[in-house]
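Below is the file my_file_32.csv, which contains CSV, C-alpha atoms.
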```
chain,number,residue,atom,x,y,z
A,1,MET,CA,-35.3,117.3,16.9
A,2,LYS,CA,-31.9,117.3,15.1
A,3,PHE,CA,-31.9,115.5,11.8
A,4,THR,CA,-29.3,114.3,9.3
A,5,ILE,CA,-30.8,113.6,5.9
A,6,GLN,CA,-29.2,111.2,3.5
A,7,VAL,CA,-30.2,111.4,-0.2
A,8,ASN,CA,-29.3,108.3,-2.2
A,9,GLU,CA,-30.9,108.9,-5.6
A,10,GLY,CA,-30.4,111.4,-8.4
A,11,PRO,CA,-32.9,114.1,-9.4
A,12,TYR,CA,-35.8,113.4,-11.8
A,13,GLN,CA,-35.1,109.7,-12.2
A,14,HIS,CA,-36.3,109.0,-8.7
A,15,GLU,CA,-38.7,110.8,-6.5
A,16,ALA,CA,-36.5,110.3,-3.4
A,17,ALA,CA,-34.8,113.7,-4.2
A,18,ASP,CA,-38.2,115.4,-4.1
A,19,THR,CA,-39.4,113.6,-1.0
A,20,ALA,CA,-36.1,114.4,0.8
A,21,TYR,CA,-36.5,118.1,-0.1
A,22,HIS,CA,-40.2,118.2,1.1
A,23,PHE,CA,-39.2,116.5,4.3
A,24,ALA,CA,-36.5,118.9,4.9
A,25,ARG,CA,-38.8,121.9,4.3
A,26,ALA,CA,-41.5,120.4,6.5
A,27,ALA,CA,-39.1,119.7,9.3
A,28,LEU,CA,-37.7,123.2,9.3
A,29,ASP,CA,-41.2,124.7,9.2
A,30,LYS,CA,-42.0,122.7,12.3
A,31,GLY,CA,-39.0,124.2,14.1
A,32,HIS,CA,-36.7,121.2,13.8
A,33,GLU,CA,-33.0,121.5,13.1
A,34,ILE,CA,-31.2,119.9,10.1
A,35,PHE,CA,-27.6,119.1,11.1
A,36,ARG,CA,-26.6,118.1,7.6
A,37,ILE,CA,-27.9,116.8,4.3
A,38,PHE,CA,-25.6,114.2,2.9
A,39,PHE,CA,-25.8,113.2,-0.8
A,40,TYR,CA,-24.5,109.7,-1.6
A,41,HIS,CA,-24.6,107.2,-4.5
A,42,ASP,CA,-26.4,108.9,-7.5
A,43,GLY,CA,-27.7,111.5,-5.0
A,44,VAL,CA,-24.6,113.5,-5.7
A,45,ASN,CA,-26.2,114.5,-9.0
A,46,ASN,CA,-28.5,116.8,-7.0
A,47,GLY,CA,-25.5,119.1,-6.7
A,48,THR,CA,-24.6,120.0,-10.3
A,49,ARG,CA,-25.4,123.5,-11.4
A,50,LEU,CA,-25.4,122.5,-15.0
A,51,THR,CA,-28.9,120.9,-14.7
A,52,THR,CA,-31.4,122.5,-17.2
A,53,PRO,CA,-34.9,121.1,-16.7
A,54,PRO,CA,-37.8,122.3,-18.8
A,55,GLN,CA,-39.1,125.7,-17.6
A,56,ASP,CA,-42.5,124.3,-16.5
A,57,ASP,CA,-40.8,121.7,-14.3
A,58,ARG,CA,-39.4,122.1,-10.8
A,59,ASN,CA,-35.6,122.9,-10.7
A,60,ILE,CA,-34.5,120.4,-8.1
A,61,VAL,CA,-30.9,121.6,-7.9
A,62,ASP,CA,-31.8,125.3,-7.5
A,63,ARG,CA,-34.4,124.3,-4.9
A,64,TRP,CA,-31.7,122.6,-2.8
A,65,SER,CA,-29.3,125.6,-3.3
A,66,LYS,CA,-32.1,128.0,-2.1
A,67,LEU,CA,-33.0,125.8,0.9
A,68,GLY,CA,-29.4,125.5,1.9
A,69,GLN,CA,-28.7,129.2,1.7
A,70,GLU,CA,-32.0,130.3,3.4
A,71,HIS,CA,-31.4,128.1,6.3
A,72,ASP,CA,-27.6,127.8,6.3
A,73,ILE,CA,-27.7,124.1,6.0
A,74,ASP,CA,-24.6,122.0,5.5
A,75,MET,CA,-25.1,120.2,2.2
A,76,VAL,CA,-22.4,117.6,1.5
A,77,LEU,CA,-21.7,115.6,-1.6
A,78,CYS,CA,-19.7,112.5,-0.9
A,79,VAL,CA,-16.3,112.9,-2.5
A,80,ALA,CA,-15.9,109.3,-3.7
A,81,ALA,CA,-19.4,109.2,-5.1
A,82,ALA,CA,-18.9,112.6,-6.7
A,83,GLN,CA,-15.6,111.6,-8.3
A,84,ARG,CA,-17.2,108.6,-9.9
A,85,ARG,CA,-20.0,110.7,-11.3
A,86,GLY,CA,-18.2,113.8,-12.4
A,87,ILE,CA,-19.3,116.3,-9.8
A,88,VAL,CA,-16.4,118.7,-9.5
A,89,ASP,CA,-15.5,121.7,-7.3
A,90,ASP,CA,-12.4,123.9,-7.6
A,91,GLY,CA,-10.4,121.7,-5.3
A,92,GLU,CA,-11.4,118.5,-7.0
A,93,ALA,CA,-10.7,120.0,-10.5
A,94,GLN,CA,-7.2,121.0,-9.3
A,95,ARG,CA,-6.4,117.6,-7.6
A,96,ASN,CA,-7.7,115.5,-10.5
A,97,GLY,CA,-6.7,117.7,-13.4
A,98,LYS,CA,-10.2,118.4,-14.7
A,99,ASP,CA,-10.9,121.4,-17.0
A,100,ALA,CA,-14.2,122.5,-15.4
A,101,THR,CA,-16.3,122.5,-12.3
A,102,ASN,CA,-20.0,122.0,-11.9
A,103,ILE,CA,-20.9,122.1,-8.2
A,104,ALA,CA,-24.0,124.1,-7.4
A,105,PRO,CA,-24.1,126.9,-4.9
A,106,GLY,CA,-24.6,125.8,-1.3
A,107,PHE,CA,-23.1,122.4,-1.7
A,108,ARG,CA,-19.6,121.2,-0.7
A,109,ILE,CA,-17.7,118.0,-1.4
A,110,SER,CA,-16.3,116.1,1.5
A,111,GLY,CA,-15.8,112.6,2.9
A,112,LEU,CA,-18.0,109.8,4.1
A,113,GLY,CA,-17.0,110.6,7.6
A,114,GLN,CA,-19.5,113.5,7.4
A,115,LEU,CA,-22.3,111.0,7.1
A,116,ILE,CA,-21.1,109.0,10.1
A,117,GLU,CA,-20.6,112.2,12.1
A,118,GLY,CA,-24.2,113.1,11.1
A,119,GLY,CA,-25.4,109.8,12.6
A,120,ILE,CA,-23.5,110.4,15.8
A,121,GLU,CA,-24.5,114.1,16.2
A,122,SER,CA,-28.1,113.9,15.2
A,123,ASP,CA,-31.2,112.5,16.9
A,124,ARG,CA,-32.3,110.8,13.7
A,125,VAL,CA,-30.8,109.9,10.3
A,126,ILE,CA,-33.5,109.8,7.6
A,127,VAL,CA,-32.5,107.9,4.4
A,128,PHE,CA,-34.3,108.7,1.1
A,129,GLY,CA,-33.9,106.2,-1.7
A,130,ASP,CA,-34.5,102.6,-2.5
B,1,MET,CA,-18.7,114.1,20.3
B,2,PRO,CA,-21.5,112.5,22.4
B,3,GLU,CA,-21.3,109.0,23.9
B,4,THR,CA,-20.7,106.0,21.8
B,5,LYS,CA,-23.7,105.1,19.6
B,6,LYS,CA,-24.9,101.8,18.2
B,7,LEU,CA,-24.5,102.1,14.4
B,8,MET,CA,-25.8,99.5,12.1
B,9,TYR,CA,-25.4,99.2,8.4
B,10,ILE,CA,-28.1,97.3,6.6
B,11,ASN,CA,-27.4,95.7,3.2
B,12,ARG,CA,-30.3,94.6,1.2
B,13,LYS,CA,-29.1,94.5,-2.4
B,14,ALA,CA,-27.1,92.1,-4.6
B,15,PRO,CA,-23.4,93.0,-4.9
B,16,TYR,CA,-23.6,93.8,-8.6
B,17,GLY,CA,-26.3,95.3,-10.8
B,18,THR,CA,-26.2,98.5,-8.7
B,19,ILE,CA,-23.4,100.2,-6.8
B,20,TYR,CA,-25.2,100.3,-3.5
B,21,ALA,CA,-23.4,97.2,-2.0
B,22,TRP,CA,-19.9,98.6,-2.9
B,23,GLU,CA,-20.6,102.1,-1.7
B,24,SER,CA,-22.1,100.7,1.5
B,25,LEU,CA,-18.9,98.8,2.2
B,26,GLU,CA,-17.0,102.0,1.7
B,27,VAL,CA,-19.1,103.7,4.4
B,28,VAL,CA,-18.5,100.8,6.8
B,29,LEU,CA,-14.7,101.0,6.3
B,30,ILE,CA,-14.7,104.8,6.8
B,31,GLY,CA,-17.1,104.6,9.7
B,32,ALA,CA,-14.8,102.2,11.5
B,33,ALA,CA,-12.5,105.1,12.3
B,34,PHE,CA,-15.2,106.7,14.5
B,35,GLU,CA,-14.9,104.1,17.3
B,36,GLN,CA,-18.6,103.5,17.6
B,37,ASP,CA,-20.4,100.3,18.4
B,38,VAL,CA,-20.8,99.0,14.9
B,39,SER,CA,-22.7,96.1,13.4
B,40,VAL,CA,-23.6,95.1,9.9
B,41,ALA,CA,-26.6,93.3,8.7
B,42,PHE,CA,-27.2,91.4,5.5
B,43,MET,CA,-30.7,90.5,4.4
B,44,ASP,CA,-32.9,90.0,1.3
B,45,ASP,CA,-30.6,89.9,-1.8
B,46,GLY,CA,-27.9,91.5,0.4
B,47,VAL,CA,-26.9,88.0,1.5
B,48,TYR,CA,-25.4,87.5,-1.9
B,49,GLN,CA,-22.7,90.1,-1.0
B,50,LEU,CA,-21.1,87.6,1.3
B,51,THR,CA,-21.1,84.6,-1.0
B,52,LYS,CA,-17.7,83.1,-1.6
B,53,GLY,CA,-16.1,82.4,-5.0
B,54,GLN,CA,-17.4,85.5,-6.6
B,55,ASP,CA,-16.0,85.9,-10.2
B,56,THR,CA,-16.7,89.2,-12.0
B,57,THR,CA,-14.5,88.8,-15.0
B,58,GLY,CA,-17.5,88.2,-17.2
B,59,ILE,CA,-19.1,91.5,-16.4
B,60,GLY,CA,-15.9,93.6,-16.3
B,61,MET,CA,-16.4,94.9,-12.8
B,62,LYS,CA,-14.1,95.0,-9.8
B,63,ASN,CA,-14.6,92.0,-7.5
B,64,PHE,CA,-14.7,93.8,-4.2
B,65,SER,CA,-15.8,90.7,-2.2
B,66,PRO,CA,-12.3,90.0,-0.7
B,67,THR,CA,-12.7,93.3,1.2
B,68,TYR,CA,-15.3,91.8,3.5
B,69,SER,CA,-12.6,89.6,5.0
B,70,ALA,CA,-10.8,92.7,6.1
B,71,LEU,CA,-13.8,93.9,8.3
B,72,GLY,CA,-12.4,92.0,11.3
B,73,ASP,CA,-9.2,94.1,11.1
B,74,TYR,CA,-11.4,97.2,11.3
B,75,GLU,CA,-13.0,95.9,14.4
B,76,VAL,CA,-16.2,95.3,12.6
B,77,ASN,CA,-17.0,91.9,14.0
B,78,LYS,CA,-20.8,91.8,14.5
B,79,ILE,CA,-22.1,90.7,11.2
B,80,TYR,CA,-25.7,89.6,11.2
B,81,VAL,CA,-27.1,87.4,8.4
B,82,ASP,CA,-30.8,86.9,8.1
B,83,LYS,CA,-31.4,83.1,8.1
B,84,GLU,CA,-34.7,83.3,6.2
B,85,SER,CA,-33.1,85.4,3.4
B,86,LEU,CA,-30.5,82.7,2.9
B,87,GLU,CA,-33.1,79.9,2.9
B,88,GLU,CA,-35.3,81.8,0.4
B,89,ARG,CA,-32.4,81.9,-2.0
B,90,GLY,CA,-31.3,78.2,-1.5
B,91,LEU,CA,-28.2,79.3,0.4
B,92,THR,CA,-26.6,78.1,3.6
B,93,LEU,CA,-23.8,79.5,5.8
B,94,ASP,CA,-21.4,77.3,3.9
B,95,ASP,CA,-22.0,79.4,0.7
B,96,LEU,CA,-20.7,82.5,2.5
B,97,GLN,CA,-17.2,83.6,3.2
B,98,HIS,CA,-15.8,82.5,6.6
B,99,LEU,CA,-15.4,85.9,8.2
B,100,VAL,CA,-13.3,86.1,11.4
B,101,TRP,CA,-11.8,88.6,13.8
B,102,GLU,CA,-9.0,88.3,16.4
B,103,ASP,CA,-10.0,88.9,20.0
B,104,GLU,CA,-7.3,91.0,21.7
B,105,ASP,CA,-8.6,90.1,25.1
B,106,GLU,CA,-8.2,86.4,24.5
B,107,ASP,CA,-4.7,86.3,23.1
B,108,TYR,CA,-5.9,87.1,19.6
B,109,ALA,CA,-8.1,84.0,19.4
B,110,GLU,CA,-9.8,83.9,16.0
B,111,LYS,CA,-13.6,84.1,16.3
B,112,ASP,CA,-16.4,84.0,13.8
B,113,SER,CA,-17.8,87.4,12.8
B,114,ILE,CA,-21.0,86.1,11.2
B,115,ARG,CA,-24.1,85.6,13.4
B,116,LEU,CA,-26.8,83.7,11.7
B,117,VAL,CA,-30.1,85.0,13.1
B,118,SER,CA,-33.7,84.5,12.4
B,119,ARG,CA,-35.7,87.4,11.0
B,120,ALA,CA,-37.4,87.8,14.4
B,121,GLU,CA,-34.1,87.9,16.2
B,122,LEU,CA,-32.7,90.4,13.7
B,123,SER,CA,-35.7,92.7,14.2
B,124,GLU,CA,-34.8,92.8,17.9
B,125,VAL,CA,-31.2,93.7,17.1
B,126,LEU,CA,-32.5,96.4,14.8
B,127,ALA,CA,-34.7,97.8,17.5
B,128,ASP,CA,-31.7,98.1,19.8
B,129,GLN,CA,-29.7,100.3,17.5
B,130,ASP,CA,-29.3,104.1,17.7
B,131,VAL,CA,-28.6,104.7,14.0
B,132,LEU,CA,-29.5,102.6,11.0
B,133,PHE,CA,-27.8,103.2,7.6
B,134,ASN,CA,-29.8,101.5,4.9
B,135,PHE,CA,-28.3,100.4,1.6
```
Let me see the file written as structure tokens.
Amino acid sequence: MKFTIQVNEGPYQHEAADTAYHFARAALDKGHEIFRIFFYHDGVNNGTRLTTPPQDDRNIVDRWSKLGQEHDIDMVLCVAAAQRRGIVDDGEAQRNGKDATNIAPGFRISGLGQLIEGGIESDRVIVFGD
Amino acid sequence: MPETKKLMYINRKAPYGTIYAWESLEVVLIGAAFEQDVSVAFMDDGVYQLTKGQDTTGIGMKNFSPTYSALGDYEVNKIYVDKESLEERGLTLDDLQHLVWEDEDEDYAEKDSIRLVSRAELSEVLADQDVLFNF
């Protein structure tokens, strides 16, 4: 089955980011396909490489980056949500005159249309969050 | 792209307090460009999103409620409101904005967009969708 996964909550504050990750791993292990993982609302905070959790805790951002790179998964941060929350890539920094970037490897910033397209192209959209 | 799908956006949260309602509305507006069979549902505290006379000056936030009246222009004209959710909150249809759309096929006659449905009816509508976006 082809899935699009939507993550609506930030890391650590809410377990949705963990559950989404475990679901994605389990789905891939079972031979399913993930068309896209779309991060929305505070979920865009899953994509900042500046996260520094304690060493004895899971590193949620690195975990996403590894998953994305291992399986070549399209991981998209919503641009409007990212702008509000200060998640920046090179293009955004240039467009909005910011002095830094913080997007983590394996993520890209794009529009909400990517979520809708995910819904159209996938067999299922699974939403994680409240 | 595959055939047209039935997309439904479900709104369950109050308009302020969290950003879900606002960012949901942004998805609906962007999604309108994809020419799918779109409907929107309001249930639980989500029914407050459609109340008329919203005034956010006291909380210093943008009042985005006027945007709902533009949904008809985006051809988003199937707006389901859960009757029981209204009743549980002491609200009636009169407390909500009057949302309309213009029917091209009938000389642009103005028609109501809001469909007041029971929870049981709404569950049937939900079951009939291809994709549910939950906010």
Please build the interface table for chain A against chain B with a cut-off of 10 Å, listing for each qualifying residue the nearest atom pair and the distance in Å to one decimal; count all atoms listed in the file, order rows by chain and increasing number, and write it as a tab-separated table.
```
residue	atom	partner	partner_atom	distance
A:Gln6	CA	B:Phe133	CA	9.1
A:Asn8	CA	B:Phe135	CA	8.8
A:Tyr40	CA	B:Glu23	CA	8.5
A:His41	CA	B:Tyr20	CA	7.0
A:Asp42	CA	B:Ile19	CA	9.2
A:Ala80	CA	B:Glu23	CA	8.8
A:Ala81	CA	B:Glu23	CA	8.0
A:Gly111	CA	B:Ile30	CA	8.8
A:Leu112	CA	B:Val27	CA	6.2
A:Gly113	CA	B:Ile30	CA	6.3
A:Gln114	CA	B:Gly31	CA	9.5
A:Leu115	CA	B:Val27	CA	8.4
A:Ile116	CA	B:Gly31	CA	6.0
A:Glu117	CA	B:Phe34	CA	8.1
A:Gly118	CA	B:Val131	CA	9.9
A:Gly119	CA	B:Val131	CA	6.2
A:Ile120	CA	B:Lys5	CA	6.5
A:Glu121	CA	B:Pro2	CA	7.1
A:Ser122	CA	B:Val131	CA	9.3
A:Asp123	CA	B:Asp130	CA	8.6
A:Arg124	CA	B:Val131	CA	7.1
A:Val125	CA	B:Val131	CA	6.8
A:Ile126	CA	B:Phe133	CA	8.7
A:Val127	CA	B:Asn134	CA	7.0
A:Phe128	CA	B:Asn134	CA	9.3
A:Gly129	CA	B:Phe135	CA	8.7
A:Asp130	CA	B:Phe135	CA	7.8
```
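Minimum atom-to-atom distances from A:Gly47, A:Gly10, A:Gly97, A:Gly31 to Val61 (chain A) were compared using only C-alpha atoms, and the lowest value belongs to A:Gly47.
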Surrounding residues of His32 (chain A) excluding itself and chain neighbours under 6 positions, 9 Å, all atoms listed in the file, as a PDB file with C-alpha atoms, keeping the file's coordinate frame:
```
ATOM      1  CA  MET A   1     -35.300 117.300  16.900  1.00  0.00           C
ATOM      2  CA  LYS A   2     -31.900 117.300  15.100  1.00  0.00           C
ATOM      3  CA  PHE A   3     -31.900 115.500  11.800  1.00  0.00           C
ATOM      4  CA  ALA A  26     -41.500 120.400   6.500  1.00  0.00           C
TER       5      ALA A  26
END
```
Quick one, how far is CA of Glu124 (chain B) from CA of Asn11 (chain B)?
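Computing the Euclidean distance for CA of Glu124 (chain B) and CA of Asn11 (chain B) yields 16.7 Å.
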Could you tell me how far CA of Val125 (chain B) sits from CA of Phe38 (chain A), in Å to one decimal place?
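Taking CA of Phe38 (chain A) and CA of Val125 (chain B), their separation equals 25.6 Å.
Note that the spacing between CA of Ala70 (chain B) and CA of Tyr108 (chain B) amounts to 15.4 Å.
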Can region 51-78 of chain A be brought up to N, CA and C atoms and written out as a PDB file, keeping the file's coordinate frame?
```pdb
ATOM      1  N   THR A  51     -27.535 121.453 -14.453  1.00  0.00           N
ATOM      2  CA  THR A  51     -28.900 120.900 -14.700  1.00  0.00           C
ATOM      3  C   THR A  51     -29.743 121.964 -15.415  1.00  0.00           C
ATOM      4  N   THR A  52     -30.450 121.567 -16.456  1.00  0.00           N
ATOM      5  CA  THR A  52     -31.400 122.500 -17.200  1.00  0.00           C
ATOM      6  C   THR A  52     -32.695 121.805 -17.428  1.00  0.00           C
ATOM      7  N   PRO A  53     -33.555 121.737 -16.431  1.00  0.00           N
ATOM      8  CA  PRO A  53     -34.900 121.100 -16.700  1.00  0.00           C
ATOM      9  C   PRO A  53     -35.766 122.012 -17.473  1.00  0.00           C
ATOM     10  N   PRO A  54     -36.811 121.489 -18.106  1.00  0.00           N
ATOM     11  CA  PRO A  54     -37.800 122.300 -18.800  1.00  0.00           C
ATOM     12  C   PRO A  54     -38.344 123.402 -17.878  1.00  0.00           C
ATOM     13  N   GLN A  55     -38.717 124.559 -18.453  1.00  0.00           N
ATOM     14  CA  GLN A  55     -39.100 125.700 -17.600  1.00  0.00           C
ATOM     15  C   GLN A  55     -40.383 125.431 -16.797  1.00  0.00           C
ATOM     16  N   ASP A  56     -41.237 124.530 -17.279  1.00  0.00           N
ATOM     17  CA  ASP A  56     -42.500 124.300 -16.500  1.00  0.00           C
ATOM     18  C   ASP A  56     -42.318 123.165 -15.503  1.00  0.00           C
ATOM     19  N   ASP A  57     -41.090 122.740 -15.303  1.00  0.00           N
ATOM     20  CA  ASP A  57     -40.800 121.700 -14.300  1.00  0.00           C
ATOM     21  C   ASP A  57     -40.093 122.312 -13.112  1.00  0.00           C
ATOM     22  N   ARG A  58     -40.117 121.641 -12.002  1.00  0.00           N
ATOM     23  CA  ARG A  58     -39.400 122.100 -10.800  1.00  0.00           C
ATOM     24  C   ARG A  58     -37.859 122.018 -11.129  1.00  0.00           C
ATOM     25  N   ASN A  59     -37.108 122.940 -10.562  1.00  0.00           N
ATOM     26  CA  ASN A  59     -35.600 122.900 -10.700  1.00  0.00           C
ATOM     27  C   ASN A  59     -35.087 122.344  -9.379  1.00  0.00           C
ATOM     28  N   ILE A  60     -34.811 121.059  -9.370  1.00  0.00           N
ATOM     29  CA  ILE A  60     -34.500 120.400  -8.100  1.00  0.00           C
ATOM     30  C   ILE A  60     -33.150 120.922  -7.540  1.00  0.00           C
ATOM     31  N   VAL A  61     -32.185 121.175  -8.412  1.00  0.00           N
ATOM     32  CA  VAL A  61     -30.900 121.600  -7.900  1.00  0.00           C
ATOM     33  C   VAL A  61     -30.996 123.045  -7.317  1.00  0.00           C
ATOM     34  N   ASP A  62     -31.660 123.949  -8.054  1.00  0.00           N
ATOM     35  CA  ASP A  62     -31.800 125.300  -7.500  1.00  0.00           C
ATOM     36  C   ASP A  62     -32.594 125.309  -6.208  1.00  0.00           C
ATOM     37  N   ARG A  63     -33.555 124.404  -6.146  1.00  0.00           N
ATOM     38  CA  ARG A  63     -34.400 124.300  -4.900  1.00  0.00           C
ATOM     39  C   ARG A  63     -33.501 123.946  -3.730  1.00  0.00           C
ATOM     40  N   TRP A  64     -32.596 122.983  -3.929  1.00  0.00           N
ATOM     41  CA  TRP A  64     -31.700 122.600  -2.800  1.00  0.00           C
ATOM     42  C   TRP A  64     -30.796 123.837  -2.472  1.00  0.00           C
ATOM     43  N   SER A  65     -30.254 124.509  -3.527  1.00  0.00           N
ATOM     44  CA  SER A  65     -29.300 125.600  -3.300  1.00  0.00           C
ATOM     45  C   SER A  65     -30.049 126.688  -2.424  1.00  0.00           C
ATOM     46  N   LYS A  66     -31.306 127.011  -2.806  1.00  0.00           N
ATOM     47  CA  LYS A  66     -32.100 128.000  -2.100  1.00  0.00           C
ATOM     48  C   LYS A  66     -32.305 127.585  -0.632  1.00  0.00           C
ATOM     49  N   LEU A  67     -32.702 126.332  -0.478  1.00  0.00           N
ATOM     50  CA  LEU A  67     -33.000 125.800   0.900  1.00  0.00           C
ATOM     51  C   LEU A  67     -31.731 125.913   1.735  1.00  0.00           C
ATOM     52  N   GLY A  68     -30.598 125.485   1.156  1.00  0.00           N
ATOM     53  CA  GLY A  68     -29.400 125.500   1.900  1.00  0.00           C
ATOM     54  C   GLY A  68     -28.958 126.906   2.327  1.00  0.00           C
ATOM     55  N   GLN A  69     -29.139 127.861   1.381  1.00  0.00           N
ATOM     56  CA  GLN A  69     -28.700 129.200   1.700  1.00  0.00           C
ATOM     57  C   GLN A  69     -29.669 129.922   2.641  1.00  0.00           C
ATOM     58  N   GLU A  70     -30.971 129.689   2.456  1.00  0.00           N
ATOM     59  CA  GLU A  70     -32.000 130.300   3.400  1.00  0.00           C
ATOM     60  C   GLU A  70     -31.764 129.876   4.799  1.00  0.00           C
ATOM     61  N   HIS A  71     -31.475 128.608   4.982  1.00  0.00           N
ATOM     62  CA  HIS A  71     -31.400 128.100   6.300  1.00  0.00           C
ATOM     63  C   HIS A  71     -30.012 127.716   6.799  1.00  0.00           C
ATOM     64  N   ASP A  72     -29.035 128.096   5.993  1.00  0.00           N
ATOM     65  CA  ASP A  72     -27.600 127.800   6.300  1.00  0.00           C
ATOM     66  C   ASP A  72     -27.426 126.349   6.674  1.00  0.00           C
ATOM     67  N   ILE A  73     -27.852 125.499   5.754  1.00  0.00           N
ATOM     68  CA  ILE A  73     -27.700 124.100   6.000  1.00  0.00           C
ATOM     69  C   ILE A  73     -26.458 123.537   5.325  1.00  0.00           C
ATOM     70  N   ASP A  74     -25.788 122.665   6.029  1.00  0.00           N
ATOM     71  CA  ASP A  74     -24.600 122.000   5.500  1.00  0.00           C
ATOM     72  C   ASP A  74     -24.999 120.941   4.528  1.00  0.00           C
ATOM     73  N   MET A  75     -24.746 121.148   3.239  1.00  0.00           N
ATOM     74  CA  MET A  75     -25.100 120.200   2.200  1.00  0.00           C
ATOM     75  C   MET A  75     -23.859 119.576   1.608  1.00  0.00           C
ATOM     76  N   VAL A  76     -23.654 118.286   1.850  1.00  0.00           N
ATOM     77  CA  VAL A  76     -22.400 117.600   1.500  1.00  0.00           C
ATOM     78  C   VAL A  76     -22.572 116.584   0.448  1.00  0.00           C
ATOM     79  N   LEU A  77     -21.742 116.670  -0.586  1.00  0.00           N
ATOM     80  CA  LEU A  77     -21.700 115.600  -1.600  1.00  0.00           C
ATOM     81  C   LEU A  77     -20.516 114.703  -1.252  1.00  0.00           C
ATOM     82  N   CYS A  78     -20.760 113.407  -1.224  1.00  0.00           N
ATOM     83  CA  CYS A  78     -19.700 112.500  -0.900  1.00  0.00           C
ATOM     84  C   CYS A  78     -18.610 112.536  -2.003  1.00  0.00           C
TER      85      CYS A  78
END
```
